[in-house]
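K.L.:
Dropping a structure here in structure tokens format, bear with me for questions.
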Amino acid sequence: MNPLRRGGSARLQGAKGAASAPAPLDAQPFAPAPGDYAEFLRLTLPKQQKNVASHRLGSERVWLKKAGPRHGKWGYRVMAAVARMARLDIIKPVPNPGGEAAIATEARRLRQLAAAGLRVPAVLAQQPDGLLISDLGESGRTTVVLQERLDQAAAAGPAALLAVWREGLAAIAQVHVRGQHLSQAFDRNLVQCPDGVIGYIDFEDDPAEVMTLAECQARDWLSYLHSTAMMLEAAAPEAAGQHWHAALAEVSEDVRQRIAEAARRMKWAQKLPASRRWGRDTQRVRAVARLLGRWHCSAPPPPSSSGG
């Protein structure tokens, strides 16, 4: 068994991962005119069973998100417990209101990020209980979730893994240099478009409602690390640390301080059990704590003593 490989598709199809690759809806008996997004949303929304599904409208692939129930807090119970124990607000779950509030939040964030020049799905039509957005693919070419690319790269070896992982770091940096933040900066929410540019999806919650911009941006870095830490630790932790510090060298001192504080406060989590019987979330948190401890908290070697 390759220690660099993850649960793969099983993790991708988790609660939030369903937003990344839902099954398409069967063809419908009506056919709104291509480009009539508002009419398509109005007619399709009542018939759609899933919260998120892809559709064809003429030659376009579009995604319809309908208002659903309130989601659980971030979906990571272990990480939530760590946030409480370590008194680390930047990694605590951000409330997802669900329903019409989540639809309004996603539409607002997508417009905000698009206005900042970032690659996100376009809002095609909106009503209180539903949102129609574009696909980030083009001309029949599809996107690839960064999580899938990392899994494939891990099988090819540490160098390939680090090359793809650095793309994720650069994509997050692009968001921050424009004064923005993501919602859940996990590898499953970063997608490579056909032209090679990495885009961003899944904005049903907004950390800025409860955090400062610096806290939101520090949370982005830690979220990305949380979703990739296990494979990094198994592959090339030292080399990954060099790329990590190179990326953080370009961020504000405020953000760096918050990440360093997280590293200090999570040191105890390095001792969490490594056994799989404790669950993947426990393993991920342990890997994050160990990497942050290695990258931020390692004490310099003591000076050598000389006789006399």
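Letters for chains follow the order of the structure tokens (A, B, ...), residue numbers begin at 1 for each chain, and ligand numbers begin at 1 in the order shown.
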Excluding A:Gln184 and any residue of its chain fewer than 5 positions from it, enumerate the residues within 8 Å of it, using only C-alpha atoms, and give them as an mmCIF file with N, CA, C and O atoms, in the first residue's frame.
P.N.:
```
data_model
loop_
_atom_site.group_PDB
_atom_site.id
_atom_site.type_symbol
_atom_site.label_atom_id
_atom_site.label_comp_id
_atom_site.auth_asym_id
_atom_site.auth_seq_id
_atom_site.Cartn_x
_atom_site.Cartn_y
_atom_site.Cartn_z
ATOM 1 N N ASN A 189 -11.795 22.150 -2.970
ATOM 2 C CA ASN A 189 -12.473 23.362 -3.421
ATOM 3 C C ASN A 189 -11.596 24.231 -4.314
ATOM 4 O O ASN A 189 -11.958 25.374 -4.617
ATOM 5 N N ASP A 202 -17.367 26.767 -3.782
ATOM 6 C CA ASP A 202 -17.965 26.470 -2.473
ATOM 7 C C ASP A 202 -17.861 27.646 -1.519
ATOM 8 O O ASP A 202 -16.886 27.773 -0.766
ATOM 9 N N PHE A 203 -18.878 28.491 -1.527
ATOM 10 C CA PHE A 203 -18.864 29.704 -0.703
ATOM 11 C C PHE A 203 -20.163 29.896 0.063
ATOM 12 O O PHE A 203 -20.680 31.010 0.148
ATOM 13 N N ASP A 220 -7.342 30.261 5.776
ATOM 14 C CA ASP A 220 -7.186 29.672 4.445
ATOM 15 C C ASP A 220 -5.943 28.787 4.387
ATOM 16 O O ASP A 220 -5.986 27.652 3.898
ATOM 17 N N SER A 223 -6.437 25.677 6.486
ATOM 18 C CA SER A 223 -7.412 24.765 5.880
ATOM 19 C C SER A 223 -6.753 23.953 4.766
ATOM 20 O O SER A 223 -6.967 22.736 4.651
#
```
K.L.:
Hey, what's within 8 Å of A:Gly199 if we count only C-alpha atoms and toss same-chain stuff fewer than 2 positions away? As a list in words, please?
P.N.:
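The neighbour list is Leu118, Arg119, Val120, Leu136, Ala171, Leu190, Val191, Gln192, Cys193, Val197 and Ile201 of chain A.
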K.L.:
Take the residues from that selection and put them in a file with N, CA, C and O atoms, as a JSON list (two decimals), in the first residue's frame.
P.N.:
```
[["chain", "number", "residue", "atom", "x", "y", "z"],
["A", 118, "LEU", "N", -10.62, 37.14, -9.73],
["A", 118, "LEU", "CA", -10.32, 35.75, -9.42],
["A", 118, "LEU", "C", -11.24, 34.82, -10.20],
["A", 118, "LEU", "O", -12.36, 35.19, -10.56],
["A", 119, "ARG", "N", -10.78, 33.61, -10.46],
["A", 119, "ARG", "CA", -11.51, 32.64, -11.28],
["A", 119, "ARG", "C", -12.52, 31.90, -10.41],
["A", 119, "ARG", "O", -12.16, 30.99, -9.65],
["A", 120, "VAL", "N", -13.76, 32.30, -10.51],
["A", 120, "VAL", "CA", -14.86, 31.64, -9.80],
["A", 120, "VAL", "C", -16.02, 31.46, -10.78],
["A", 120, "VAL", "O", -16.09, 32.15, -11.80],
["A", 136, "LEU", "N", -16.71, 25.97, -14.62],
["A", 136, "LEU", "CA", -15.39, 26.55, -14.89],
["A", 136, "LEU", "C", -14.69, 25.89, -16.07],
["A", 136, "LEU", "O", -13.61, 26.33, -16.46],
["A", 171, "ALA", "N", -2.24, 29.54, -5.57],
["A", 171, "ALA", "CA", -3.63, 29.94, -5.81],
["A", 171, "ALA", "C", -4.20, 30.68, -4.60],
["A", 171, "ALA", "O", -4.93, 31.67, -4.75],
["A", 190, "LEU", "N", -10.45, 23.70, -4.73],
["A", 190, "LEU", "CA", -9.59, 24.35, -5.70],
["A", 190, "LEU", "C", -9.62, 23.49, -6.96],
["A", 190, "LEU", "O", -9.39, 22.29, -6.89],
["A", 191, "VAL", "N", -9.92, 24.10, -8.09],
["A", 191, "VAL", "CA", -10.07, 23.32, -9.32],
["A", 191, "VAL", "C", -9.21, 23.91, -10.43],
["A", 191, "VAL", "O", -9.15, 25.13, -10.60],
["A", 192, "GLN", "N", -8.55, 23.04, -11.16],
["A", 192, "GLN", "CA", -7.75, 23.51, -12.29],
["A", 192, "GLN", "C", -8.63, 23.60, -13.53],
["A", 192, "GLN", "O", -9.26, 22.64, -13.94],
["A", 193, "CYS", "N", -8.68, 24.80, -14.11],
["A", 193, "CYS", "CA", -9.47, 25.03, -15.31],
["A", 193, "CYS", "C", -8.71, 24.54, -16.54],
["A", 193, "CYS", "O", -7.50, 24.29, -16.47],
["A", 197, "VAL", "N", -5.38, 27.70, -15.17],
["A", 197, "VAL", "CA", -5.63, 28.58, -14.03],
["A", 197, "VAL", "C", -6.43, 27.83, -12.97],
["A", 197, "VAL", "O", -7.34, 27.06, -13.30],
["A", 201, "ILE", "N", -14.26, 27.24, -5.61],
["A", 201, "ILE", "CA", -15.68, 26.92, -5.49],
["A", 201, "ILE", "C", -16.06, 26.76, -4.02],
["A", 201, "ILE", "O", -15.19, 26.66, -3.15]]
```
K.L.:
Using DSSP assignments from the backbone, pull out every residue in stretch 117-231 of chain A that falls under alpha helix (DSSP H) and give it to me as an MDAnalysis selection string.
P.N.:
chainID A and resid 146:156 158:177 213:231
K.L.:
Looking at A:Ala289, A:Leu45, A:Ala163, A:Ile172, which one is nearest to A:Lys65, with distances taken over only C-alpha atoms?
P.N.:
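Using only C-alpha atoms, A:Lys65 sits closest to A:Leu45.
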K.L.:
Applying 12 Å and only C-alpha atoms, which residues near A:Leu232 remain after dropping the ones on its own chain fewer than 3 positions away? List them as a PyMOL selection string.
P.N.:
chain A and resi 3-6+150-151+153-154+157-166+224-229+235-241+243-244+284+287-288+290-292
K.L.:
Skipping near chain neighbours, those fewer than 3 positions away, what residues fall within 7 Å of stretch 105-111 of chain A using only C-alpha atoms, listed as a ChimeraX atom specification?
P.N.:
/A:101-102,114-115,120-121,123,203-205
K.L.:
Can you write out the residues you just picked, keeping all heavy atoms, as an mmCIF file, in the first residue's frame?
P.N.:
```cif
data_model
loop_
_atom_site.group_PDB
_atom_site.id
_atom_site.type_symbol
_atom_site.label_atom_id
_atom_site.label_comp_id
_atom_site.auth_asym_id
_atom_site.auth_seq_id
_atom_site.Cartn_x
_atom_site.Cartn_y
_atom_site.Cartn_z
ATOM 1 N N ALA A 101 -30.265 31.879 3.300
ATOM 2 C CA ALA A 101 -29.111 32.686 3.720
ATOM 3 C C ALA A 101 -27.836 32.180 3.059
ATOM 4 O O ALA A 101 -26.979 32.966 2.648
ATOM 5 C CB ALA A 101 -28.974 32.664 5.241
ATOM 6 N N ALA A 102 -27.682 30.855 2.943
ATOM 7 C CA ALA A 102 -26.490 30.296 2.301
ATOM 8 C C ALA A 102 -26.463 30.627 0.815
ATOM 9 O O ALA A 102 -25.397 30.896 0.247
ATOM 10 C CB ALA A 102 -26.445 28.781 2.508
ATOM 11 N N ALA A 114 -15.156 37.540 -8.112
ATOM 12 C CA ALA A 114 -15.049 37.808 -9.542
ATOM 13 C C ALA A 114 -14.638 39.257 -9.788
ATOM 14 O O ALA A 114 -13.815 39.544 -10.672
ATOM 15 C CB ALA A 114 -16.380 37.502 -10.230
ATOM 16 N N ALA A 115 -15.195 40.173 -9.003
ATOM 17 C CA ALA A 115 -14.847 41.582 -9.156
ATOM 18 C C ALA A 115 -13.384 41.835 -8.833
ATOM 19 O O ALA A 115 -12.784 42.796 -9.332
ATOM 20 C CB ALA A 115 -15.745 42.442 -8.261
ATOM 21 N N VAL A 120 -13.763 32.295 -10.515
ATOM 22 C CA VAL A 120 -14.856 31.636 -9.805
ATOM 23 C C VAL A 120 -16.016 31.460 -10.779
ATOM 24 O O VAL A 120 -16.093 32.149 -11.800
ATOM 25 C CB VAL A 120 -15.328 32.458 -8.579
ATOM 26 C CG1 VAL A 120 -14.260 32.511 -7.502
ATOM 27 C CG2 VAL A 120 -15.746 33.873 -8.996
ATOM 28 N N PRO A 121 -16.948 30.554 -10.477
ATOM 29 C CA PRO A 121 -18.128 30.432 -11.335
ATOM 30 C C PRO A 121 -18.898 31.746 -11.390
ATOM 31 O O PRO A 121 -19.001 32.471 -10.393
ATOM 32 C CB PRO A 121 -18.948 29.333 -10.643
ATOM 33 C CG PRO A 121 -17.947 28.543 -9.857
ATOM 34 C CD PRO A 121 -16.939 29.543 -9.394
ATOM 35 N N VAL A 123 -22.248 33.978 -11.557
ATOM 36 C CA VAL A 123 -23.644 33.895 -11.138
ATOM 37 C C VAL A 123 -24.512 34.195 -12.355
ATOM 38 O O VAL A 123 -24.518 35.312 -12.871
ATOM 39 C CB VAL A 123 -23.946 34.886 -10.003
ATOM 40 C CG1 VAL A 123 -25.437 34.842 -9.648
ATOM 41 C CG2 VAL A 123 -23.091 34.577 -8.779
ATOM 42 N N PHE A 203 -18.878 28.491 -1.527
ATOM 43 C CA PHE A 203 -18.864 29.704 -0.703
ATOM 44 C C PHE A 203 -20.163 29.896 0.063
ATOM 45 O O PHE A 203 -20.680 31.010 0.148
ATOM 46 C CB PHE A 203 -18.585 30.922 -1.593
ATOM 47 C CG PHE A 203 -17.239 30.885 -2.243
ATOM 48 C CD1 PHE A 203 -17.090 30.416 -3.544
ATOM 49 C CD2 PHE A 203 -16.106 31.276 -1.556
ATOM 50 C CE1 PHE A 203 -15.841 30.357 -4.144
ATOM 51 C CE2 PHE A 203 -14.854 31.212 -2.144
ATOM 52 C CZ PHE A 203 -14.726 30.764 -3.437
ATOM 53 N N GLU A 204 -20.676 28.824 0.631
ATOM 54 C CA GLU A 204 -21.940 28.919 1.349
ATOM 55 C C GLU A 204 -21.805 29.574 2.717
ATOM 56 O O GLU A 204 -22.808 29.914 3.336
ATOM 57 C CB GLU A 204 -22.552 27.526 1.503
ATOM 58 C CG GLU A 204 -22.981 26.908 0.175
ATOM 59 C CD GLU A 204 -23.613 25.554 0.353
ATOM 60 O OE1 GLU A 204 -23.673 25.073 1.510
ATOM 61 O OE2 GLU A 204 -24.049 24.964 -0.647
ATOM 62 N N ASP A 205 -20.587 29.710 3.200
ATOM 63 C CA ASP A 205 -20.374 30.421 4.459
ATOM 64 C C ASP A 205 -19.293 31.467 4.252
ATOM 65 O O ASP A 205 -18.529 31.399 3.293
ATOM 66 C CB ASP A 205 -20.013 29.471 5.606
ATOM 67 C CG ASP A 205 -18.810 28.596 5.279
ATOM 68 O OD1 ASP A 205 -17.775 29.142 4.853
ATOM 69 O OD2 ASP A 205 -18.891 27.371 5.459
#
```
K.L.:
Write out as a PyMOL selection string all residues of stretch 87-187 of chain A that backbone DSSP assigns to strand (DSSP E).
P.N.:
chain A and resi 123-127+130-134+144-145
K.L.:
Find the residues near stretch 173-178 of chain A: any atom within 8 Å, counting only C-alpha atoms, skip ones fewer than 2 places away on the same chain, and give them as a PyMOL selection string.
P.N.:
chain A and resi 116+118+169-171+180-182+217+247+251
K.L.:
Print the selection's residues with C-alpha atoms to a file, as a PDB file, in the first residue's frame.
P.N.:
```pdb
ATOM      1  CA  ALA A 116     -11.380  41.088  -7.658  1.00  0.00           C
ATOM      2  CA  LEU A 118     -10.319  35.747  -9.420  1.00  0.00           C
ATOM      3  CA  LEU A 169      -0.226  27.568  -2.285  1.00  0.00           C
ATOM      4  CA  ALA A 170       0.124  29.967  -5.206  1.00  0.00           C
ATOM      5  CA  ALA A 171      -3.629  29.944  -5.807  1.00  0.00           C
ATOM      6  CA  GLN A 180      -9.772  38.601  -0.388  1.00  0.00           C
ATOM      7  CA  HIS A 181     -10.243  35.297   1.415  1.00  0.00           C
ATOM      8  CA  LEU A 182     -11.855  31.959   0.661  1.00  0.00           C
ATOM      9  CA  GLN A 217      -6.468  34.483   5.486  1.00  0.00           C
ATOM     10  CA  ALA A 247       4.708  31.343   0.405  1.00  0.00           C
ATOM     11  CA  VAL A 251       1.915  37.535   3.452  1.00  0.00           C
TER      12      VAL A 251
END
```
